[in-house]
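Chemist: Below: one structure in C-alpha cells.
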Amino acid sequence: MPEITNKLLEVKGLTMDFGGLRAVDTVSLDVCTGEIVALIGPNGAGKTTFFNCVTGIYKPTRGDVLVHPPAKKSQRINGFKSNRVTTIGMARTFQNIRLFQNMTVLENVMIGRHCRTTTSILGAILRGAKTMRQEQETVNRSYDLLEKVDLFKYADEFAKNLPYGAQRRLEIARAMATDPFLLLLDEPAAGMNPQETRALDELIVRVRDTEKIAILLIEHDMKLVMNISDRIYVMEYGKEIAQGGPMDIRNNPKVIEAYLGEEADA
Amino acid sequence: MSDYMKRSFLVALWFVFLTFPLMVVKVNTLKNTVEWRWMNMLWVAIGAFVLSLLWRWALERRQLKNKEAESGEDESTRLGFGQRLLVEPKLYKPVLAVLFVATIAFPLLFDIYQTNIMVLALVFVVLGLGLNVTVGLAGLLDLGYVAFFAVGAYTYGILNSFWGIGFWTSLPIGGLMGALFGIALGFPILRLRGDYLAIVTLGFGSIAKIVIENWEEVTNGAKGIAGIPRPGFFGADMSITSATTYTYYLMILMVIFTIFITNRLKDSRIGRAWMALREDEIACVAMGVDMAKTKLGAYAFGAFWAGLVGVIFAARNTYINPNSFTFMESALVLSIVVMGGMGSIVGVIIAALVLILMPEYLRAFSEYRMLMFGAIMVLMMIFRPEGLIANVRRKYRGHKVMTEDVNA
C-alpha cells in the first residue's frame with residue numbers, strides 16, 4: 001500500500017505546553033489526499049491549540065509536523081511562521097470569524113492571493129504589464145471563488161455587513177484563494193442554523209471533490225461530522241482517545257464516555 | 001423640547017458655578033480691591049446655554065441618522081456628498097478644474113507672505129498623506145513621525161553645509177534616508193501593537209530631537225543650520241519672491257506626485273496587505289502575508305515622504321533648528337490624518353489645509369489655538385469618527401461582471 005506518498009499532513013507526537021499546563025499531549029494525526037478528516041472532542045480538549053500548532057501560530061513544544069505537498073518535497077514545518085505554512089499550501093479558517101471587517105468581500109478574497117502574486121512596492125507604482133496581468137488575474141480568480149461559495153452578489157459589500165453564515169463561507173473562500181492542498185476549518189458550522197449547516201456540508205464535500213483539496217476540520221455538530229468525514233480523531237484533555245471511521249467512533253465506549261460522562265451505558 | 005431647555009439651563013448654571021472664580025472675581029493686587037465682573041457671568045451663562053442646546057440637537061440628529069441607516073437600506077449604497085464627489089465624474093470634474101485654476105493662480109493673486117504659508121500647508125499635506133499610509137492604511141500608530149521629517153531636513157542641511165551638495169541631489173537622498181530610518185525604527189517594534197507601539201514611537205520622536213540638539217559637530221546643536229539654499233532652477237538667480245513662487249509650484253507638483261503614488265499603492269497587492277494587517281494581524285499572517293516585510297514596507301514608505309518633504313521644508317525656511325521638530329508637529333500630522341479620515345486622500349488634504357491655515361489666519365486667537373484644536377478633535381470624534389470624508393472602497397471589475405453588464 002503506497003501509504004507514505006499519499007499523506008499530505010503527518011503530525012507525530014505533537015505536544016504543546018503553556019507553562020505547566022499541557023494543552024496538547026503527544027497527539028498524532030494524518031490527513032491523506034482526498035480525505036475529509038474531523039477532529040472532535042469536548043470543549044477545552046485542545047483541538048484549536050492543535051490547529052494553532054500545525055498552522056504556525058504556536059510553536060509546538062515537542063513533536064513533528066510534516067507536510068508532503070503534492071509534487072513538491074516534504075518539509076518539517078515546526079515553528080514556521082503561519083504565513084510560510086500558508087505559502088506551503090495549508091490554509092485555515094478561524095473559530096471566531098476573523099475577516100477583514102472594513103474591506104469588501106472581494107478584497108478579503110484577494111488577500112488570499114497575496115502569497116501567490118509578487119507585485120512589490122515599486123511594481124505597484126509603475127504598474128507594468130506583469131503587475132496588471134497579475135492584478136486582473138487576482139480579481140478574476142477571486143470572483144470565481146466568490147461564485148463557488150455563493151457570495152458573488154455580495155462582492156462589493158463590507159465584510160462586516162454580511163450575515164453570519166455568509167461570513168463563514170467567506171472565510172473558506174479566502175482560505176481557498178491561497179491555493180491550498182489542505183484546508184483546515186476550525187468549527188465552520190458554529191452558530192449556523194440547520195439549513196446553513198446543510199449547505200456548508202455540501203460546500204465542504206464539493207471543495208474536496210471538485211477542487212481536490214483535502215480537509216481537516218474541528219466541529220461540534222455531530223451530524224455534520226458523521227455525514228462527511230472519512231475519518232475522525234477524538235481528543236479529550238489534550239490526549240487523543242480514539243480514531244477511526246464514523247461508525248467506529250459512534251460506537252466507541254471511550255468516546256461515549258468523554259461526551260456523556262461515565263454512566264453513558266445506563 | 002422643554003426637557004432640553006431644562007437640561008441646558010442646568011448646564012449653564014453649572015458652568016457659571018465652575019467659571020465663577022475665574023471669570024467673575026478679579027482681585028486687583030495694586031489697589032487691594034476685588035472687582036466683580038457680573039457681565040462675564042451673564043455671557044458664560046448664555047454661551048453655555050446655547051452651546052448645550054446645539055450639542056443636544058446635534059446628538060439627536062446623529063442618533064436619528066444612525067437609526068435610519070440601520071432600518072433603511074444599506075449604509076454603503078448611500079454615500080455622503082463628500083464621497084459622491086469622489087466617485088461621480090459629473091461632480092468631481094468641474095471641482096477639479098476650478099481647483100486646478102485656483103492652485104495655478106494662487107501665487108499671482110496673493111502676496112509672498114500668503115504663498116509662503118501655503119507652501120507650509122502643502123508640506124503638511126504631504127506629511128499627512130505619508131503618515132496616512134502608516135496609520136490610516138496599515139494601522140500602525142506613529143507618534144514620532146516628525147523624526148523622519150527632521151531626518152530629511154537635516155540630510156539636506158548637513159549635505160549642503162559640509163559638502164555643498166545641492167537641493168535636487170539632496171531631495172531623493174532625503175527621501176531614502178527617511179525610508180531607511182523608517183525601517184530602522186520598524187525592526188524593533190514589529191511585534192508591538194496599540195499602546196505599546198504609541199509609546200515606543202513617541203520615544204523615538206523625542207530621541208531624534210535630543211540627538212539633533214546634542215550632536216553639535218554635525219547638526220550644530222540648538223543653534224541650527226542657517227543659510228540653506230532655496231531650491232535651484234538650473235542655476236538661475238532668483239529674487240526671494242520668485243524663489244517662493246517657484247517653491248510653491250514645486251510643492252504643488254510634490255503633492256500631485258504623492259497623491260498619484262499613494263493612490264496607486266492603495267489599490268495594489270501591497271496596499272491591500274496593509275489594510276488587512278490593520279484589520280486583523282493574525283488572520284492576515286495566516287492568509288500568507290509576510291508580517292515583517294509588510295510592516296517594514298509601510299514604515300519605510302510613510303517615512304519616505306516625510307524625508308522628501310523635509311528637504312523641501314529646509315529649503316523653504318533656509319534655516320532649520322531642532323525646535324521645528326517637536327512632538328507638537330507629530331501630533332499635528334496625526335490630527336490631520338484622523339480628522340481627514342483614515343485612509344482617505346482628499347480628506348487628509350482638506351484637514352491639512354484647515355489645520356495649518358486656520359492658525360495662520362486666526363492669529364488674533366493664537367492664545368486659544370490649542371483649545372480650538374482640542375475642541376475640533378473632540379467634535380470630530382463624536383460626530384464624524386470616520387473623518388471628514390470617509391474612504392471609499394474601490395470596486396474591482398472582473399471578467400464575470402463584464403459579461404453580466406452586457407446581459408443587463
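How things are named: the first chain in the C-alpha cells is A, the next is B, and so on; residues count from 1 in each chain; ligands count from 1 in the order shown.
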Kindly determine which residues of chain A lie within 8 Å of chain B, considering only C-alpha atoms, and give the answer as an MDAnalysis selection string.

Modeler: chainID A and resid 55 82:87 91:92 98:104 107:108 111:112 114:115 119:121 124:125 135:136 139:140 143:144 156:158 174:175 178

Chemist: Show me, as a ChimeraX atom specification, the residues that have an atom within 10 Å of stretch 219-222 of chain A when counting only C-alpha atoms, minus same-chain residues fewer than 3 positions from it.

Modeler: /A:38-43,47,95,185-192,194,197,216,225-227,246,250

Chemist: Keeping only N, CA, C and O atoms, write the selected residues as a compact mmCIF listing (two decimals), in the first residue's frame.

Modeler:
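Done, and the output landed in result-v6.txt:
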# COMPACT_ATOMS: atom_id res chain seq x y z
N ALA A 38 -12.01 14.68 10.51
CA ALA A 38 -12.56 15.55 11.54
C ALA A 38 -11.81 15.34 12.84
O ALA A 38 -11.34 14.24 13.14
N LEU A 39 -11.69 16.41 13.60
CA LEU A 39 -11.08 16.36 14.92
C LEU A 39 -12.16 16.82 15.89
O LEU A 39 -12.62 17.96 15.79
N ILE A 40 -12.60 15.91 16.76
CA ILE A 40 -13.68 16.29 17.67
C ILE A 40 -13.24 16.10 19.11
O ILE A 40 -12.18 15.52 19.38
N GLY A 41 -14.06 16.56 20.00
CA GLY A 41 -13.75 16.43 21.41
C GLY A 41 -14.50 17.49 22.19
O GLY A 41 -14.93 18.49 21.63
N PRO A 42 -14.67 17.27 23.50
CA PRO A 42 -15.40 18.24 24.32
C PRO A 42 -14.67 19.59 24.34
O PRO A 42 -13.50 19.67 23.97
N ASN A 43 -15.35 20.62 24.80
CA ASN A 43 -14.72 21.93 24.90
C ASN A 43 -13.46 21.87 25.75
O ASN A 43 -13.42 21.20 26.77
N LYS A 47 -8.26 21.09 20.82
CA LYS A 47 -8.35 20.97 19.37
C LYS A 47 -7.82 22.22 18.67
O LYS A 47 -7.01 22.13 17.75
N GLN A 95 -12.09 29.87 14.43
CA GLN A 95 -13.27 29.53 15.20
C GLN A 95 -14.17 30.75 15.41
O GLN A 95 -15.36 30.70 15.14
N LEU A 185 -10.36 23.75 8.78
CA LEU A 185 -11.53 24.53 9.16
C LEU A 185 -11.77 24.38 10.66
O LEU A 185 -11.97 23.27 11.15
N ASP A 186 -11.75 25.50 11.37
CA ASP A 186 -11.96 25.46 12.81
C ASP A 186 -13.43 25.79 13.11
O ASP A 186 -13.84 26.94 13.02
N GLU A 187 -14.19 24.79 13.44
CA GLU A 187 -15.63 24.92 13.71
C GLU A 187 -16.37 25.75 12.66
O GLU A 187 -16.92 26.80 12.97
N PRO A 188 -16.41 25.29 11.43
CA PRO A 188 -17.06 26.08 10.39
C PRO A 188 -18.56 26.21 10.58
O PRO A 188 -19.16 27.16 10.10
N ALA A 189 -19.17 25.30 11.30
CA ALA A 189 -20.64 25.35 11.42
C ALA A 189 -21.09 26.02 12.71
O ALA A 189 -22.29 26.11 12.96
N ALA A 190 -20.14 26.51 13.51
CA ALA A 190 -20.53 27.12 14.79
C ALA A 190 -21.50 28.27 14.56
O ALA A 190 -21.25 29.14 13.74
N GLY A 191 -22.61 28.24 15.26
CA GLY A 191 -23.56 29.34 15.19
C GLY A 191 -24.46 29.32 13.97
O GLY A 191 -25.22 30.25 13.74
N MET A 192 -24.36 28.29 13.15
CA MET A 192 -25.21 28.25 11.97
C MET A 192 -26.52 27.53 12.29
O MET A 192 -26.56 26.65 13.14
N PRO A 194 -29.68 24.92 11.12
CA PRO A 194 -29.60 23.62 10.44
C PRO A 194 -29.53 23.74 8.92
O PRO A 194 -28.79 23.01 8.27
N THR A 197 -26.13 24.83 7.95
CA THR A 197 -25.20 23.73 8.18
C THR A 197 -25.24 22.74 7.03
O THR A 197 -24.22 22.26 6.57
N LEU A 216 -9.25 19.15 6.87
CA LEU A 216 -9.20 18.75 8.27
C LEU A 216 -10.08 19.73 9.02
O LEU A 216 -9.89 20.94 8.92
N VAL A 225 -20.33 16.13 11.16
CA VAL A 225 -19.10 15.33 11.22
C VAL A 225 -19.35 13.92 10.72
O VAL A 225 -18.63 13.39 9.88
N MET A 226 -20.42 13.30 11.20
CA MET A 226 -20.71 11.91 10.83
C MET A 226 -21.05 11.80 9.35
O MET A 226 -20.77 10.81 8.70
N ASN A 227 -21.70 12.86 8.82
CA ASN A 227 -22.10 12.83 7.42
C ASN A 227 -20.93 12.84 6.46
O ASN A 227 -20.92 12.11 5.48
N PRO A 246 -16.51 6.99 10.95
CA PRO A 246 -17.65 7.49 11.72
C PRO A 246 -18.36 6.41 12.52
O PRO A 246 -18.73 6.63 13.68
N ARG A 250 -18.73 6.31 16.62
CA ARG A 250 -20.07 6.38 17.22
C ARG A 250 -20.24 5.30 18.29
O ARG A 250 -20.91 5.51 19.29

Chemist: Which residues, written as a list in words, have at least one atom at most 7 Å from A:Asp230, with only C-alpha atoms counted and residues fewer than 4 positions away on the same chain left out?

Modeler: Glu35, Ile36, Val37 and Gly245 of chain A

Chemist: Export N, CA and C atoms of the chosen residues as a PDB file, in the first residue's frame?

Modeler:
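Listed below is the output, result-v1.pdb:
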ATOM      1  N   GLU A  35      -9.143  13.338   1.400  1.00  0.00           N
ATOM      2  CA  GLU A  35      -9.855  12.935   2.617  1.00  0.00           C
ATOM      3  C   GLU A  35     -10.519  14.121   3.299  1.00  0.00           C
ATOM      4  N   ILE A  36     -11.594  13.835   4.009  1.00  0.00           N
ATOM      5  CA  ILE A  36     -12.113  14.805   4.966  1.00  0.00           C
ATOM      6  C   ILE A  36     -11.926  14.182   6.340  1.00  0.00           C
ATOM      7  N   VAL A  37     -11.082  14.801   7.137  1.00  0.00           N
ATOM      8  CA  VAL A  37     -10.789  14.269   8.460  1.00  0.00           C
ATOM      9  C   VAL A  37     -11.344  15.228   9.495  1.00  0.00           C
ATOM     10  N   GLY A 245     -13.262   5.427  11.534  1.00  0.00           N
ATOM     11  CA  GLY A 245     -14.372   5.871  10.697  1.00  0.00           C
ATOM     12  C   GLY A 245     -15.548   6.303  11.554  1.00  0.00           C
TER      13      GLY A 245
END

Chemist: Can you work out the spacing between atom CA of A:Thr61 and atom CA of A:Gly34 in Å, to one decimal?

Modeler: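 Straight-line distance from atom CA of A:Thr61 to atom CA of A:Gly34 works out to 29.6 Å.
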
Chemist: Name the closest residue to A:Gly79 among the candidates A:Val67, A:Ala45, A:Cys53, A:Val255; distances are taken between atoms, counting only C-alpha atoms.

Modeler: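 Using only C-alpha atoms, the shortest distance to A:Gly79 belongs to A:Cys53.
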
Chemist: For stretch 375-387 of chain B, list every protein, DNA or RNA residue within 6 Å, evaluated using only C-alpha atoms, and leave out those in the same chain fewer than 5 positions away; present the list as a PDB file with all heavy atoms, in the first residue's frame.

Modeler:
ATOM      1  N   MET B 339      -8.448  63.562  11.434  1.00  0.00           N
ATOM      2  CA  MET B 339      -9.525  64.465  11.056  1.00  0.00           C
ATOM      3  C   MET B 339      -9.937  64.223   9.612  1.00  0.00           C
ATOM      4  O   MET B 339     -11.109  64.267   9.274  1.00  0.00           O
ATOM      5  CB  MET B 339      -9.061  65.899  11.231  1.00  0.00           C
ATOM      6  CG  MET B 339     -10.176  66.897  11.148  1.00  0.00           C
ATOM      7  SD  MET B 339      -9.525  68.515  11.530  1.00  0.00           S
ATOM      8  CE  MET B 339     -10.688  69.511  10.625  1.00  0.00           C
ATOM      9  N   GLY B 340      -8.979  63.978   8.761  1.00  0.00           N
ATOM     10  CA  GLY B 340      -9.272  63.800   7.345  1.00  0.00           C
ATOM     11  C   GLY B 340     -10.035  62.525   7.065  1.00  0.00           C
ATOM     12  O   GLY B 340     -10.790  62.446   6.116  1.00  0.00           O
ATOM     13  N   GLY B 341      -9.842  61.539   7.899  1.00  0.00           N
ATOM     14  CA  GLY B 341     -10.467  60.248   7.644  1.00  0.00           C
ATOM     15  C   GLY B 341      -9.392  59.266   7.286  1.00  0.00           C
ATOM     16  O   GLY B 341      -8.727  59.411   6.273  1.00  0.00           O
TER      17      GLY B 341
END

Chemist: Using Å and a single decimal, report how far atom CA of A:Asp179 sits from atom CA of A:Arg116.

Modeler: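 Here the two named atoms are 8.0 Å from each other.
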
Chemist: When DSSP works through the backbone of this structure, what residues of stretch 41-230 of chain A end up as strand (DSSP E or B), shown as a PyMOL selection string?

Modeler: chain A and resi 62-67+75-76+90-92+104+158+182-186+214-218

Chemist: Interatomic distance between atom CA of B:Asn321 and atom CA of B:Val119?

Modeler: 18.6 Å

Chemist: Can you list, as a PyMOL selection string, all residues belonging to stretch 309-339 of chain B that DSSP tags as helix (DSSP H, G or I)?

Modeler: chain B and resi 309-317+322-324+327-339

Chemist: Restricting it to C-alpha atoms, dump the selection as a tab-separated table (two decimals), in the first residue's frame.

Modeler:
chain	number	residue	atom	x	y	z
B	309	VAL	CA	9.31	66.87	2.15
B	310	GLY	CA	11.77	67.56	4.98
B	311	VAL	CA	14.31	68.55	2.33
B	312	ILE	CA	11.83	70.98	0.82
B	313	PHE	CA	10.98	72.31	4.26
B	314	ALA	CA	14.66	73.04	4.95
B	315	ALA	CA	14.96	74.76	1.59
B	316	ARG	CA	11.85	76.83	2.18
B	317	ASN	CA	12.97	78.06	5.60
B	322	PRO	CA	15.56	71.26	16.48
B	323	ASN	CA	12.56	73.32	17.59
B	324	SER	CA	10.82	72.72	14.27
B	327	PHE	CA	6.15	66.31	19.45
B	328	MET	CA	3.64	69.04	18.60
B	329	GLU	CA	4.38	68.56	14.90
B	330	SER	CA	3.89	64.81	15.17
B	331	ALA	CA	0.61	65.38	16.94
B	332	LEU	CA	-0.42	67.88	14.32
B	333	VAL	CA	0.24	65.48	11.45
B	334	LEU	CA	-1.57	62.71	13.29
B	335	SER	CA	-4.55	65.01	13.85
B	336	ILE	CA	-4.57	65.77	10.15
B	337	VAL	CA	-4.83	62.07	9.38
B	338	VAL	CA	-7.51	61.42	12.00
B	339	MET	CA	-9.52	64.47	11.06

Chemist: What's the 10 Å shell around A:Ala258, counting only C-alpha atoms, without same-chain residues fewer than 4 positions away, as an mmCIF file with N, CA, C and O atoms, in the first residue's frame?

Modeler:
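Below is the file that was written, part_6.cif:
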data_model
loop_
_atom_site.group_PDB
_atom_site.id
_atom_site.type_symbol
_atom_site.label_atom_id
_atom_site.label_comp_id
_atom_site.auth_asym_id
_atom_site.auth_seq_id
_atom_site.Cartn_x
_atom_site.Cartn_y
_atom_site.Cartn_z
ATOM 1 N N GLY A 41 -14.056 16.560 20.002
ATOM 2 C CA GLY A 41 -13.748 16.430 21.412
ATOM 3 C C GLY A 41 -14.498 17.491 22.189
ATOM 4 O O GLY A 41 -14.935 18.486 21.629
ATOM 5 N N PRO A 42 -14.672 17.274 23.504
ATOM 6 C CA PRO A 42 -15.401 18.241 24.318
ATOM 7 C C PRO A 42 -14.674 19.592 24.342
ATOM 8 O O PRO A 42 -13.505 19.675 23.973
ATOM 9 N N VAL A 234 -10.561 11.742 17.971
ATOM 10 C CA VAL A 234 -11.237 12.297 19.145
ATOM 11 C C VAL A 234 -10.198 12.679 20.184
ATOM 12 O O VAL A 234 -9.301 11.889 20.499
ATOM 13 N N MET A 235 -10.328 13.897 20.711
ATOM 14 C CA MET A 235 -9.408 14.352 21.753
ATOM 15 C C MET A 235 -10.167 14.623 23.035
ATOM 16 O O MET A 235 -11.327 15.028 23.024
ATOM 17 N N GLU A 236 -9.490 14.356 24.161
ATOM 18 C CA GLU A 236 -10.040 14.751 25.450
ATOM 19 C C GLU A 236 -8.886 15.106 26.362
ATOM 20 O O GLU A 236 -7.903 14.367 26.434
ATOM 21 N N TYR A 237 -8.992 16.200 27.064
ATOM 22 C CA TYR A 237 -7.927 16.685 27.951
ATOM 23 C C TYR A 237 -6.559 16.653 27.273
ATOM 24 O O TYR A 237 -5.574 16.198 27.859
ATOM 25 N N ILE A 241 -7.966 10.145 22.199
ATOM 26 C CA ILE A 241 -8.533 8.951 22.835
ATOM 27 C C ILE A 241 -9.074 7.940 21.835
ATOM 28 O O ILE A 241 -9.317 6.801 22.179
ATOM 29 N N PRO A 253 -16.744 3.102 23.156
ATOM 30 C CA PRO A 253 -17.159 3.404 24.534
ATOM 31 C C PRO A 253 -16.401 4.591 25.133
ATOM 32 O O PRO A 253 -16.979 5.377 25.884
ATOM 33 N N LYS A 254 -15.125 4.724 24.784
ATOM 34 C CA LYS A 254 -14.348 5.836 25.334
ATOM 35 C C LYS A 254 -14.917 7.183 24.885
ATOM 36 O O LYS A 254 -14.973 8.149 25.651
ATOM 37 N N GLU A 262 -19.500 9.054 32.592
ATOM 38 C CA GLU A 262 -19.192 7.639 32.770
ATOM 39 C C GLU A 262 -20.391 6.722 32.682
ATOM 40 O O GLU A 262 -20.295 5.590 32.262
ATOM 41 N N ALA A 264 -22.749 6.400 30.771
ATOM 42 C CA ALA A 264 -23.413 6.521 29.489
ATOM 43 C C ALA A 264 -24.204 5.284 29.142
ATOM 44 O O ALA A 264 -25.210 5.365 28.449
#

Chemist: Write out as a JSON list (two decimals) with C-alpha atoms, in the first residue's frame which residues come within 9 Å of A:Ala214 when counting only C-alpha atoms, dropping same-chain ones fewer than 2 positions away.

Modeler:
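Result written to selection15.json:
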[["chain", "number", "residue", "atom", "x", "y", "z"],
["A", 8, "LEU", "CA", -0.42, 15.28, 2.92],
["A", 31, "VAL", "CA", -4.52, 13.57, 6.50],
["A", 32, "CYS", "CA", -4.30, 11.88, 3.11],
["A", 33, "THR", "CA", -5.17, 13.08, -0.37],
["A", 34, "GLY", "CA", -8.88, 13.49, -0.98],
["A", 35, "GLU", "CA", -9.85, 12.93, 2.62],
["A", 36, "ILE", "CA", -12.11, 14.80, 4.97],
["A", 37, "VAL", "CA", -10.79, 14.27, 8.46],
["A", 180, "PRO", "CA", -4.03, 25.16, -0.62],
["A", 181, "PHE", "CA", -3.77, 21.40, -0.87],
["A", 182, "LEU", "CA", -5.17, 21.12, 2.64],
["A", 183, "LEU", "CA", -7.86, 23.26, 4.19],
["A", 184, "LEU", "CA", -8.10, 23.46, 7.98],
["A", 207, "VAL", "CA", -14.48, 21.65, -2.25],
["A", 208, "ARG", "CA", -12.95, 18.26, -1.67],
["A", 209, "ASP", "CA", -14.35, 16.70, -4.85],
["A", 211, "GLU", "CA", -11.06, 21.44, -6.09],
["A", 212, "LYS", "CA", -9.16, 18.36, -4.95],
["A", 216, "LEU", "CA", -9.20, 18.75, 8.27]]

Chemist: Quick one: everything within 10 Å of A:Val65, counting only C-alpha atoms, minus sequence neighbours fewer than 6 positions away in the same chain. Send it as a PyMOL selection string.

Modeler: chain A and resi 9-14+28-30+53-56+75-79

Chemist: Please dump the current selection as a short mmCIF file (atom, residue, chain, number, x, y, z; two decimals), in the first residue's frame; keep C-alpha atoms.

Modeler:
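Resulting contents of part_35.cif:
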data_model
loop_
_atom_site.label_atom_id
_atom_site.label_comp_id
_atom_site.auth_asym_id
_atom_site.auth_seq_id
_atom_site.Cartn_x
_atom_site.Cartn_y
_atom_site.Cartn_z
CA LEU A 9 -0.09 16.15 6.57
CA GLU A 10 1.59 13.95 9.12
CA VAL A 11 1.67 15.02 12.74
CA LYS A 12 3.71 12.87 15.09
CA GLY A 13 3.61 13.08 18.87
CA LEU A 14 2.70 16.75 18.99
CA SER A 28 -0.58 12.13 16.15
CA LEU A 29 -2.73 12.68 13.12
CA ASP A 30 -2.58 12.14 9.37
CA CYS A 53 0.46 24.41 16.37
CA VAL A 54 0.01 22.94 12.93
CA THR A 55 -0.58 26.30 11.25
CA GLY A 56 2.33 28.05 12.90
CA GLN A 75 9.12 19.51 4.91
CA ARG A 76 9.12 19.61 8.68
CA ILE A 77 7.31 22.80 9.50
CA ASN A 78 7.54 23.04 13.28
CA GLY A 79 7.86 26.66 14.28
#
